[in-house]
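Below is one structure, written out as structure tokens; the observations come after it.
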Number of protein chains: 4
Amino acid sequence: MCGVVGVFGHTEAANITYLALHALQHRGQESAGIVTSDGDHLHPVRSMGLVGEAFSKREIDELSGQMAIGHVRYSTAGESAMKNAQPFSVEYAHGAIAVAHNGNLVNANDLRRKLEMDGSIFQTTSDSEVIIHLIARARELEVEHRIISALKQVEGAYSLLFLSENKLIAVRDPMGFRPLCLGRLKDSFVFASESCAFDLIEAEFIRELEPGEMVAVDAKGLRTYRPFRQEPTRFCVFEHVYFARPDSHIDGRSVYRVREALGRALAQEHPVEADVVVPVPDSGTPAAIGFARASGIPYDMGLLRSHYVGRTFIEPQQSIRHFGVKLKLNAVKEVLAGKRVVVVDDSIVRGTTSRKIVKMLRNAGAKEVHLRISAPPTTHPCFYGIDTPTRSELIASSHTPEEIARYITCDSLGYLSLEGMMKAVRAANGGVVEAERSHCDACFTGKYPIEFRPGTISSLRRVVN
Amino acid sequence: MCGVVGVFGHTEAANITYLALHALQHRGQESAGIVTSDGDHLHPVRSMGLVGEAFSKREIDELSGQMAIGHVRYSTAGESAMKNAQPFSVEYAHGAIAVAHNGNLVNANDLRRKLEMDGSIFQTTSDSEVIIHLIARARELEVEHRIISALKQVEGAYSLLFLSENKLIAVRDPMGFRPLCLGRLKDSFVFASESCAFDLIEAEFIRELEPGEMVAVDAKGLRTYRPFRQEPTRFCVFEHVYFARPDSHIDGRSVYRVREALGRALAQEHPVEADVVVPVPDSGTPAAIGFARASGIPYDMGLLRSHYVGRTFIEPQQSIRHFGVKLKLNAVKEVLAGKRVVVVDDSIVRGTTSRKIVKMLRNAGAKEVHLRISAPPTTHPCFYGIDTPTRSELIASSHTPEEIARYITCDSLGYLSLEGMMKAVRAANGGVVEAERSHCDACFTGKYPIEFRPGTISSLRRVVN
Amino acid sequence: MCGVVGVFGHTEAANITYLALHALQHRGQESAGIVTSDGDHLHPVRSMGLVGEAFSKREIDELSGQMAIGHVRYSTAGESAMKNAQPFSVEYAHGAIAVAHNGNLVNANDLRRKLEMDGSIFQTTSDSEVIIHLIARARELEVEHRIISALKQVEGAYSLLFLSENKLIAVRDPMGFRPLCLGRLKDSFVFASESCAFDLIEAEFIRELEPGEMVAVDAKGLRTYRPFRQEPTRFCVFEHVYFARPDSHIDGRSVYRVREALGRALAQEHPVEADVVVPVPDSGTPAAIGFARASGIPYDMGLLRSHYVGRTFIEPQQSIRHFGVKLKLNAVKEVLAGKRVVVVDDSIVRGTTSRKIVKMLRNAGAKEVHLRISAPPTTHPCFYGIDTPTRSELIASSHTPEEIARYITCDSLGYLSLEGMMKAVRAANGGVVEAERSHCDACFTGKYPIEFRPGTISSLRRVVN
Amino acid sequence: MCGVVGVFGHTEAANITYLALHALQHRGQESAGIVTSDGDHLHPVRSMGLVGEAFSKREIDELSGQMAIGHVRYSTAGESAMKNAQPFSVEYAHGAIAVAHNGNLVNANDLRRKLEMDGSIFQTTSDSEVIIHLIARARELEVEHRIISALKQVEGAYSLLFLSENKLIAVRDPMGFRPLCLGRLKDSFVFASESCAFDLIEAEFIRELEPGEMVAVDAKGLRTYRPFRQEPTRFCVFEHVYFARPDSHIDGRSVYRVREALGRALAQEHPVEADVVVPVPDSGTPAAIGFARASGIPYDMGLLRSHYVGRTFIEPQQSIRHFGVKLKLNAVKEVLAGKRVVVVDDSIVRGTTSRKIVKMLRNAGAKEVHLRISAPPTTHPCFYGIDTPTRSELIASSHTPEEIARYITCDSLGYLSLEGMMKAVRAANGGVVEAERSHCDACFTGKYPIEFRPGTISSLRRVVN
């Protein structure tokens, strides 16, 4: 998964982009990058690591210009990590162009093969570079039209920001899988994957880009385009369940309110007699609060999260039990001892972490442990930009909730139903009328909105933007 | 402030120390260090930064031996930072010795001056080195007795761990300002500032060292000493209010339960009509839960804390309002808009952060903001190991709560009373009888348990262990 | 200027390449790089700095495969330094290919412009990349024929080594500006710019590639091609005068013997009464020995060269006279005091260094200083791979030898004549018959063997391979 | 071996020291350090590596003050390398003091043991620190007198520079083993191990310090002291043979002229019929020139030295014959083929390098190889500051010249006699009358001028300053 930021017309464009990326840090911790334009040249900087570590003050200061795009990227394996860091920028016949991409193309491999046979040389294994080569070969004069020509050839999920010497162009794919917001900061326009980035830089949220919309900003102002055939909307429901920050407002609703509503619905679908409701912090917190309110069971912080979990931890040689989880979470005995505990989380992936948490709660004295998940079982991988494991690793793809409960060793396990989830999501939309199937729920249902040939999947998943 | 760890008799002593330091990371983020002994030589490694960044795998692997002590240290200013990182280790006539110190000596300058006039050469500006020179000059044969001889000359707060080639020695000062716990990990003994470190390494908590107790461990086993004149106990109450981790059990009680009790007492002392209780996360969370329960007002997460706040952030040139706080916290509009909000925090230092938080809550739509502090006003600096600002910087040293409320722009401000705080702390002790004045409350009252000459203060405070 | 190395069929290909690059270090100190092939994939490593600093043991060890090419590069200015480091390697439709280039193309800009208009995207500003794009667009099936097709479109100086997954291909341009040698190391073939590289790796010198020759080595053995129209040979005479190592055998003759012969001829053309002949070490040493022998004047080391001149020296703020030279050379008073001194160097570029040397000799007590240069005046820049300054910076382009002598403050100045130089060079060829004009002498005569349009010069010279 | 530099009264004291250290780089390549004083505080910087790599521009700029001392240090093994880098500086009761030491104390271990029993704590394993502790315990008021009091207790070889907040003090031991020169740079005084350092910084050479002399410089000017009992002079003859730079003037004579005279004497003692005299560059060059002149055999550069030999070279796994030497030297076939060659070097240590050089000359075609050494056989280790191997590693300690010649495979081997060497050294003194035994020749004779107990030797040799 990734996050993107764009700024047009601000004297501190690089710095504003840097701050906004910081607010989107949860969308990608592997690498970060910023490209600015001073009107004549692009100035790039890319680095592995967190935003706060990736750039030096001097590097930011040298990014001159009043236009910028930025990118944070989720952890992927392998040596190509640095090479695939974004924004990706090149010089070509018509000047310079940079791109920041959140999403995943499903026909990237076919397009790449065709371009290479015609003599194109690729620098990365990223599907985003395919778009750049299509732009370089496009015959149109204006960069907007070269971009449109290129994007008409690609299929998949994308929220894109392009930067040329003097234009910033934002595009969202026709189904609108990934979020992209437009805001205003004094006299400048800003773009960001989530609205929480605007809060930090004190920008005003204007609106989200619509699925299939392209917005171009230059010295003459902002223009909007609708170049693609209209498609049904398929916003990623997992952004609501887990991925987005709870203080963001995307897809027309508050993520926090969606999550609290999921917790309330969960309490109604899977009630239980218990003494305390505890979240798996921090992602399970809003749903746990919702569960506690709907059920009337007291909410308490039975699990504490450490703030100091680095990514390169030196493991002990001996097997400390449940080590990975212990580093991040610790149980508070006084909250749990002798209690019947409801523990609320957003999802179960492989089941190993949940199993460790249940053990940790029991070791702290919990009499009963009831696990409640604020979404349906995760049964299918995502091909539109979220780096989920393969199907065989997803425990729910091959096991029933009962089997999972036995493996996890909880006293009961309750998943929110697909209907319950979608009802809660829709209700959080303040009553706006939406189509029956307005979201992509493929990770829960296997119903993929865009077709793809099976052979392309493994390589596609090599690089998630 | 600092944290200390000791391990005796474990084949992975360095690794266990590393992990335990990780659990004490909240007690010091500036530097970290470990010294092991292989029975013949000490092996030290010290580095600036967090535990997870300070050491490489290779460095830890090279720390051979089954005995170790470790130290994390709070941020202090200046170039001497690396030099003053601990554990401090030397070779002297009788072999090698290392020390890890949590606390602060009040007569260190006098002792140092005297030692230097006799030809001693100091390597650091740390008061811990004074102890080492006193040990080097002691005439006793056994290291325990040299340590006793040295400590009889110093005054102040200390929880100390010493490591010689074949002994681990732990000491707590006669008044017991700082915590120090003893545990067992299989066949090895472990020491740590707080019990939460034992949870991570799966050690069993045995007991806390008593004030004035010295414990020595070597191949022959564990011996305990009582070398000092008995003094009244003065455990630091601020460890309960703010400093210790809530999942720790120190001073004979659960920190989490103390904090929840402080919140309950606060609700009784300063009730208010409101719609929601929100904590300043994470330190205000247990007190906010206590406040919510005692008052019956719903608890909610109106402020979200970012997990990605690094220490070297590049600030924007333009003034983003309340920038520092924004990087760490963001308000959730949906929780706050139109509401009368009680916000619970543990202390007000300069007042600037509280002021920013109140503004942030109001910008998110809060109709009323009522600030509740789960301790009395902080009016005096600490000379026993906590790096509080000077008196002139503490807003409560020169302003009344009413004046502070006006500055902070909250609708009401309520501090917990000294009596309320102490009653809640004592009650959390499970009914054990304690002396009337069992804790150091100097930061709230100015009643310092150990005298010192005013001239020594500023320099003393240069280095806090 | 640059140096290239190639190895085919050796189990330690990367290591052998590394050593051979070390022997060619004088041909380029800015950056170094190696690319190996394991039969399936290319493994590249490139770094700024000297060969001995550029690679770690681990990096070399990870360069698996029995084929390799390597490159050292001369210092050029600007941020693009790292980007332009070679070997340059890409993946394209037909697999992977890497190139190492010594020389300079004169029509690179025209070709690049044309390729970009057709949609090619360039990664560097190096003219070598033009060759790669021409190869990627070639329609031939075999890589040899794609390379031939590409090279038929370029003009200029090149000694090239290409590496595909399973072939090593060496090419020398039709005029043979730059050297390229073929050798054998046990069962493997090796290539290097100069034969001195073979001495270090204990390879046997077989022969030099002929101008216009292409040699391809793969599992089937070595094949030679003659794909280009025949041109008159124009080997760079400045390689003999200054650039190549004296222990190399290139252009069919010993560089050491050529230089000694230049010194002898110089003594005959510009005799002088003197007490001692001293070289400007180390490049002037063989010519000074030749001068001493032909003249009968004793040879001595009046100037000592420091072995510790780094490239990043911190200069004093005050003006130490002749500072730059002092760091590298120091005069030995005992050799010089009261003497009439002949000092022998290979060339005068701007004149500033020679002036400083003359002053240094006089300060050491020299009674007379007679400067002798073992080549004609350098009047024109090189466009075929040597990074000489622009014409306006070459003192001999606008001043007579008399004016130069006055500026340099020597008592007499003697340049070897063009005829004298060429006669000495030819004579060193052991009597082999050569064409009247067998060498490029453009830097002394301005007679450039390949035409170019004036507009292309400045940009061409941006990157010298 | 080490080199020292001092500057008093120059606005660019750090920079001048840095440059002078650069000129003394041959005396120590392991570490480099500078300490300045601004009148109130000392500012130190120390680093591993060559002078040109050890410091950043910023580090030098931050060394404020008009007084400085500097140190370069020879390579020694082990982890203590950085800790033992000099100048060594401390704060003690009377202020701050730094020391830079060239030489070796022979009673350091005894003194250290005694100091530690009295409670002193040492930071390094360097014998220089003993001097500092003696100073710290001295009762005298003035730093000069504390230094005298300390030095009266030590025995051995030392050329020392001390820096306090406002004084620079230089001392040479009573026997004068190591050189130390005094110079003037405009209004400031400068000190350096060798006069070649003055040439680079354009200082005027005044004189050498006399054995047993102490010179103190402060705001009041320069004072000289003679605090020690007079001893016979024992200047190290190996400085002339090998260690010092040939452009230096030390011990009252020109090192270059001494070496040339050694070569002349060698030609007389060991004449041979030959075609060419070649030096082992660079240290053998002056003696080879002397040999050629005295014998009438032509001098030529048959061995070329590479300028790019780094210290961390990655060796090939396969055995390239004589690899270590090949990296540094290469033979020039055209000079050697078919010739009877005299090769001149300054010493044979283990014999392995000489053996490789002889093989290299023969491989290049030499018909005969006659090795001539411009000093007697090296039979004993040095305990006064030169890091020679132990006796058992010195081939001449257990083998006759005939046996050595056989091992080295040369056709003949000739060492200069002790008498021949001393005569040449004395003659180079311009006729000044010297005592019969004016130099230390212990490495050739085993006659050590200062007694020591055998047990102390191995540890003494751990650290050579």
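For the structure tokens, the naming scheme is as follows: chains receive sequential letters (A, B, ...) according to their order of presentation, residues are indexed from 1 within each chain, and ligands are indexed from 1 in presentation order.
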At a cut-off of 6 Å, can you tabulate as CSV every residue of chain D near chain B together with its closest atom pair and the distance in Å to one decimal, using only C-alpha atoms and ordering rows by chain then number?
residue,atom,partner,partner_atom,distance
D:Tyr92,CA,B:Ile121,CA,5.1
D:Ala93,CA,B:Glu116,CA,4.7
D:Glu116,CA,B:Ala93,CA,4.7
D:Met117,CA,B:Ala93,CA,5.2
D:Gly119,CA,B:Arg137,CA,4.4
D:Ser120,CA,B:Ser120,CA,5.9
D:Ile121,CA,B:Tyr92,CA,5.2
D:Ala136,CA,B:Gly119,CA,4.8
D:Arg137,CA,B:Gly119,CA,4.4
Counting only C-alpha atoms, what is within 8 Å of region 247-254 of chain A, bar same-chain residues fewer than 6 positions away, as an MDAnalysis selection string?
-> (chainID A and resid 179 181 194:196 208 235 428:430) or (chainID B and resid 304 330:334)
Can you tell me, as a PyMOL selection string, what residues are no more than 12 Å from His101 (chain A) when counting only C-alpha atoms, ignoring any on the same chain fewer than 2 positions away?
-> chain A and resi 1-6+33+69-74+84-89+98-99+103-105+126-132+156-163+169-173+178-180+192-193+384-385+463-465
Writing out the chosen residues with N, CA and C atoms as a compact mmCIF listing (two decimals), in the first residue's frame:
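Saved to out14.txt:
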# COMPACT_ATOMS: atom_id res chain seq x y z
N MET A 1 0.85 -1.20 0.00
CA MET A 1 0.00 0.00 0.00
C MET A 1 0.88 1.24 0.00
N CYS A 2 0.33 2.34 -0.47
CA CYS A 2 1.12 3.56 -0.57
C CYS A 2 0.26 4.77 -0.26
N GLY A 3 0.91 5.89 -0.08
CA GLY A 3 0.23 7.16 0.09
C GLY A 3 0.86 8.20 -0.81
N VAL A 4 0.03 9.12 -1.33
CA VAL A 4 0.55 10.15 -2.23
C VAL A 4 0.14 11.54 -1.75
N VAL A 5 0.98 12.52 -2.09
CA VAL A 5 0.74 13.91 -1.72
C VAL A 5 1.13 14.80 -2.88
N GLY A 6 0.39 15.88 -3.11
CA GLY A 6 0.77 16.85 -4.13
C GLY A 6 0.53 18.26 -3.64
N GLY A 33 9.61 9.49 -0.79
CA GLY A 33 10.25 10.29 -1.80
C GLY A 33 9.49 11.56 -2.08
N ILE A 69 5.34 16.61 -5.64
CA ILE A 69 4.57 15.42 -5.31
C ILE A 69 5.42 14.54 -4.41
N GLY A 70 4.73 13.75 -3.58
CA GLY A 70 5.45 12.88 -2.66
C GLY A 70 4.80 11.52 -2.57
N HIS A 71 5.52 10.57 -2.00
CA HIS A 71 5.06 9.18 -1.98
C HIS A 71 5.63 8.47 -0.78
N VAL A 72 4.83 7.68 -0.10
CA VAL A 72 5.33 6.71 0.88
C VAL A 72 4.91 5.33 0.42
N ARG A 73 5.73 4.33 0.71
CA ARG A 73 5.56 3.02 0.12
C ARG A 73 5.63 1.94 1.18
N TYR A 74 4.82 0.92 1.00
CA TYR A 74 4.74 -0.19 1.95
C TYR A 74 5.93 -1.11 1.74
N ASN A 84 12.73 0.74 -6.76
CA ASN A 84 11.31 0.91 -6.97
C ASN A 84 10.69 2.00 -6.09
N ALA A 85 11.50 2.67 -5.27
CA ALA A 85 10.97 3.77 -4.48
C ALA A 85 10.41 4.84 -5.40
N GLN A 86 9.38 5.53 -4.96
CA GLN A 86 8.75 6.56 -5.78
C GLN A 86 8.83 7.91 -5.08
N PRO A 87 8.48 9.02 -5.71
CA PRO A 87 8.06 9.17 -7.09
C PRO A 87 9.15 8.75 -8.08
N PHE A 88 8.70 8.17 -9.20
CA PHE A 88 9.58 7.77 -10.29
C PHE A 88 9.63 8.95 -11.27
N SER A 89 10.85 9.38 -11.62
CA SER A 89 10.94 10.53 -12.52
C SER A 89 11.93 10.29 -13.64
N ALA A 98 7.37 13.21 -13.43
CA ALA A 98 7.47 12.33 -12.27
C ALA A 98 6.08 11.79 -11.97
N VAL A 99 6.03 10.59 -11.38
CA VAL A 99 4.74 9.99 -11.04
C VAL A 99 4.78 9.39 -9.64
N GLY A 103 -1.88 2.08 -5.82
CA GLY A 103 -2.75 1.12 -6.49
C GLY A 103 -1.95 0.07 -7.21
N ASN A 104 -2.58 -0.64 -8.13
CA ASN A 104 -1.89 -1.72 -8.83
C ASN A 104 -2.55 -1.93 -10.19
N LEU A 105 -1.74 -2.02 -11.25
CA LEU A 105 -2.27 -2.26 -12.58
C LEU A 105 -2.33 -3.77 -12.83
N SER A 126 8.59 -1.75 -11.42
CA SER A 126 7.33 -1.18 -10.97
C SER A 126 6.37 -1.02 -12.14
N ASP A 127 5.08 -1.30 -11.89
CA ASP A 127 4.10 -1.12 -12.96
C ASP A 127 3.89 0.36 -13.29
N SER A 128 4.29 1.23 -12.37
CA SER A 128 4.12 2.66 -12.63
C SER A 128 4.97 3.10 -13.80
N GLU A 129 6.11 2.43 -14.02
CA GLU A 129 6.98 2.85 -15.12
C GLU A 129 6.34 2.58 -16.46
N VAL A 130 5.45 1.58 -16.52
CA VAL A 130 4.73 1.32 -17.78
C VAL A 130 3.98 2.56 -18.22
N ILE A 131 3.33 3.21 -17.26
CA ILE A 131 2.56 4.42 -17.58
C ILE A 131 3.48 5.48 -18.17
N ILE A 132 4.68 5.63 -17.58
CA ILE A 132 5.61 6.66 -18.06
C ILE A 132 6.05 6.36 -19.50
N GLY A 156 -6.80 -1.42 -13.95
CA GLY A 156 -6.44 -1.69 -12.56
C GLY A 156 -6.82 -0.54 -11.65
N ALA A 157 -6.17 -0.54 -10.50
CA ALA A 157 -6.47 0.44 -9.47
C ALA A 157 -5.37 1.49 -9.45
N TYR A 158 -5.76 2.76 -9.50
CA TYR A 158 -4.73 3.80 -9.40
C TYR A 158 -5.30 5.12 -8.93
N SER A 159 -4.61 5.67 -7.95
CA SER A 159 -4.73 7.10 -7.64
C SER A 159 -3.36 7.65 -7.93
N LEU A 160 -3.27 8.52 -8.93
CA LEU A 160 -1.97 8.94 -9.47
C LEU A 160 -1.77 10.44 -9.34
N LEU A 161 -0.53 10.85 -9.06
CA LEU A 161 -0.15 12.25 -9.16
C LEU A 161 1.04 12.34 -10.11
N PHE A 162 0.93 13.22 -11.11
CA PHE A 162 2.02 13.47 -12.05
C PHE A 162 2.54 14.89 -11.84
N LEU A 163 3.84 15.06 -12.01
CA LEU A 163 4.42 16.41 -11.96
C LEU A 163 5.29 16.60 -13.18
N ILE A 169 -0.82 17.01 -12.06
CA ILE A 169 -2.01 16.34 -12.58
C ILE A 169 -2.36 15.16 -11.68
N ALA A 170 -3.63 15.12 -11.24
CA ALA A 170 -4.11 14.06 -10.35
C ALA A 170 -5.17 13.25 -11.08
N VAL A 171 -5.10 11.92 -10.95
CA VAL A 171 -6.09 11.06 -11.62
C VAL A 171 -6.52 9.95 -10.68
N ARG A 172 -7.79 9.61 -10.75
CA ARG A 172 -8.30 8.46 -9.99
C ARG A 172 -8.92 7.49 -10.99
N ASP A 173 -8.68 6.21 -10.82
CA ASP A 173 -9.16 5.23 -11.80
C ASP A 173 -10.69 5.21 -11.84
N ARG A 178 -8.91 3.43 -4.79
CA ARG A 178 -8.11 4.07 -3.74
C ARG A 178 -8.55 5.52 -3.55
N PRO A 179 -8.41 6.06 -2.34
CA PRO A 179 -8.87 7.43 -2.09
C PRO A 179 -7.93 8.47 -2.70
N LEU A 180 -8.42 9.65 -2.91
CA LEU A 180 -7.59 10.80 -3.32
C LEU A 180 -8.39 12.07 -3.05
N ALA A 192 -3.99 14.69 -1.41
CA ALA A 192 -3.45 13.69 -0.49
C ALA A 192 -4.36 12.47 -0.51
N SER A 193 -3.77 11.32 -0.24
CA SER A 193 -4.57 10.09 -0.20
C SER A 193 -5.68 10.18 0.83
N TYR A 384 -5.34 -5.04 -5.94
CA TYR A 384 -5.54 -3.63 -6.26
C TYR A 384 -4.76 -2.70 -5.34
N GLY A 385 -3.71 -3.24 -4.72
CA GLY A 385 -2.83 -2.32 -4.02
C GLY A 385 -2.56 -2.60 -2.56
N VAL A 463 5.37 -5.90 -6.95
CA VAL A 463 5.54 -4.51 -6.55
C VAL A 463 4.18 -3.87 -6.34
N VAL A 464 3.93 -3.46 -5.14
CA VAL A 464 2.66 -2.79 -4.81
C VAL A 464 2.96 -1.31 -4.59
N ASN A 465 2.27 -0.47 -5.31
CA ASN A 465 2.50 0.97 -5.14
C ASN A 465 1.51 1.57 -4.17
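Of note, CA of Ile395 (chain D) and CA of Pro246 (chain D) are spaced 26.3 Å apart.
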Run DSSP on the backbone of this structure and report the residues of region 39-273 of chain C it assigns to strand (DSSP E), as JSON, numbers by chain.
-> {"C": [42, 43, 44, 45, 46, 47, 48, 67, 68, 69, 70, 71, 72, 73, 88, 89, 90, 91, 92, 95, 96, 97, 98, 99, 100, 101, 102, 103, 104, 105, 156, 157, 158, 159, 160, 161, 162, 163, 164, 168, 169, 170, 171, 172, 181, 182, 183, 184, 185, 188, 189, 190, 191, 192, 204, 205, 206, 207, 208, 214, 215, 216, 217, 218, 221, 222, 223, 224, 225, 235, 236, 249, 250, 253, 254]}
Convert the current residue selection to file output with C-alpha atoms, as a tab-separated table (two decimals), in the first residue's frame.
chain	number	residue	atom	x	y	z
C	42	LEU	CA	23.86	-9.61	-14.59
C	43	HIS	CA	25.12	-8.45	-11.18
C	44	PRO	CA	26.29	-4.85	-11.08
C	45	VAL	CA	28.11	-2.79	-8.49
C	46	ARG	CA	29.21	0.79	-8.99
C	47	SER	CA	30.63	3.30	-6.60
C	48	MET	CA	32.36	6.67	-6.42
C	67	MET	CA	32.16	-13.38	-16.86
C	68	ALA	CA	32.73	-9.78	-15.92
C	69	ILE	CA	33.47	-6.34	-17.28
C	70	GLY	CA	34.81	-3.42	-15.24
C	71	HIS	CA	35.38	0.30	-15.62
C	72	VAL	CA	37.28	3.11	-13.94
C	73	ARG	CA	36.38	6.68	-14.74
C	88	PHE	CA	26.05	0.96	-17.54
C	89	SER	CA	23.61	-1.96	-17.52
C	90	VAL	CA	19.96	-2.39	-18.49
C	91	GLU	CA	17.32	-4.99	-19.11
C	92	TYR	CA	15.58	-4.76	-22.44
C	95	GLY	CA	17.66	-9.73	-21.97
C	96	ALA	CA	20.28	-7.82	-20.08
C	97	ILE	CA	23.32	-5.98	-21.39
C	98	ALA	CA	26.10	-3.93	-19.82
C	99	VAL	CA	28.66	-1.64	-21.43
C	100	ALA	CA	32.03	-0.21	-20.40
C	101	HIS	CA	33.30	2.59	-22.63
C	102	ASN	CA	36.66	4.31	-23.03
C	103	GLY	CA	36.44	7.15	-25.53
C	104	ASN	CA	33.97	9.76	-26.69
C	105	LEU	CA	31.29	9.82	-29.38
C	156	GLY	CA	33.99	8.95	-32.52
C	157	ALA	CA	36.51	7.22	-30.31
C	158	TYR	CA	35.64	4.03	-28.50
C	159	SER	CA	37.17	0.98	-26.96
C	160	LEU	CA	34.09	-0.89	-25.74
C	161	LEU	CA	33.34	-3.98	-23.71
C	162	PHE	CA	29.81	-5.41	-23.70
C	163	LEU	CA	28.49	-8.13	-21.42
C	164	SER	CA	25.26	-10.04	-22.06
C	168	LEU	CA	31.59	-10.86	-23.74
C	169	ILE	CA	32.12	-8.59	-26.75
C	170	ALA	CA	35.04	-6.20	-27.27
C	171	VAL	CA	35.18	-3.54	-29.97
C	172	ARG	CA	37.71	-0.92	-30.99
C	181	CYS	CA	44.49	-5.51	-25.26
C	182	LEU	CA	43.61	-9.20	-25.37
C	183	GLY	CA	45.21	-11.72	-23.04
C	184	ARG	CA	44.84	-15.20	-21.68
C	185	LEU	CA	44.71	-16.26	-18.02
C	188	SER	CA	40.02	-17.74	-19.69
C	189	PHE	CA	40.22	-14.73	-21.99
C	190	VAL	CA	40.89	-11.30	-20.56
C	191	PHE	CA	40.70	-7.78	-21.98
C	192	ALA	CA	42.20	-4.57	-20.63
C	204	GLU	CA	49.64	-13.62	-20.76
C	205	PHE	CA	49.51	-10.77	-23.29
C	206	ILE	CA	48.28	-12.12	-26.66
C	207	ARG	CA	47.84	-9.05	-28.82
C	208	GLU	CA	46.10	-5.72	-29.10
C	214	MET	CA	35.20	-6.74	-32.84
C	215	VAL	CA	35.92	-9.85	-30.78
C	216	ALA	CA	33.10	-11.95	-29.26
C	217	VAL	CA	33.72	-14.64	-26.66
C	218	ASP	CA	31.17	-17.17	-25.49
C	221	GLY	CA	35.11	-19.77	-28.04
C	222	LEU	CA	36.46	-16.56	-29.52
C	223	ARG	CA	35.35	-15.12	-32.88
C	224	THR	CA	36.62	-11.98	-34.57
C	225	TYR	CA	34.66	-9.60	-36.84
C	235	PHE	CA	46.21	6.07	-32.06
C	236	CYS	CA	46.37	8.82	-29.42
C	249	HIS	CA	53.08	-2.17	-23.85
C	250	ILE	CA	50.48	-0.60	-26.13
C	253	ARG	CA	55.68	-0.45	-28.21
C	254	SER	CA	56.91	0.01	-24.64
Distance query Ile348 (chain C) at most 9 Å, only C-alpha atoms, self and fewer than 2 positions along chain excluded, as a list in words | Asp345, Asp346, Arg350, Gly351, Thr352, Thr353, Ser354, Ile373, Pro377, Thr378, Leu394, Ile395 and Ala396 of chain C
Skip region 405-419 of chain D itself and residues of its chain fewer than 5 positions away, then list as a list in words all residues within 8 Å of it, counting only C-alpha atoms.
->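 Within the cut-off, the hits are Leu262, Ala265, Leu266, Glu269, His270, Gly351, Thr352, Ser354, Arg355, Lys356, Val358, Lys359, Glu368, Val369, His370, Leu371, Arg372, Ile373, Ser374, Ala375, Pro376, Pro377 and Phe444 of chain D.
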Take the residues from that selection and put them in a file with C-alpha atoms, as a short mmCIF file (atom, residue, chain, number, x, y, z; two decimals), in the first residue's frame.
data_model
loop_
_atom_site.label_atom_id
_atom_site.label_comp_id
_atom_site.auth_asym_id
_atom_site.auth_seq_id
_atom_site.Cartn_x
_atom_site.Cartn_y
_atom_site.Cartn_z
CA LEU D 262 75.15 5.06 2.32
CA ALA D 265 79.72 3.35 0.68
CA LEU D 266 77.76 0.26 -0.31
CA GLU D 269 82.09 -2.31 0.10
CA HIS D 270 80.20 -4.60 -2.29
CA GLY D 351 62.94 -11.63 3.68
CA THR D 352 59.64 -12.47 2.00
CA SER D 354 62.87 -9.19 -1.05
CA ARG D 355 62.33 -12.73 -2.33
CA LYS D 356 59.25 -11.62 -4.27
CA VAL D 358 63.94 -10.85 -6.95
CA LYS D 359 61.43 -13.21 -8.60
CA GLU D 368 71.51 -11.64 -12.80
CA VAL D 369 70.09 -10.01 -9.66
CA HIS D 370 72.45 -8.51 -7.08
CA LEU D 371 70.74 -7.22 -3.94
CA ARG D 372 72.46 -4.43 -2.01
CA ILE D 373 71.20 -3.24 1.39
CA SER D 374 72.22 0.24 2.56
CA ALA D 375 72.50 -0.80 6.24
CA PRO D 376 73.74 -3.73 8.32
CA PRO D 377 71.53 -6.79 8.95
CA PHE D 444 71.78 -3.77 14.30
#
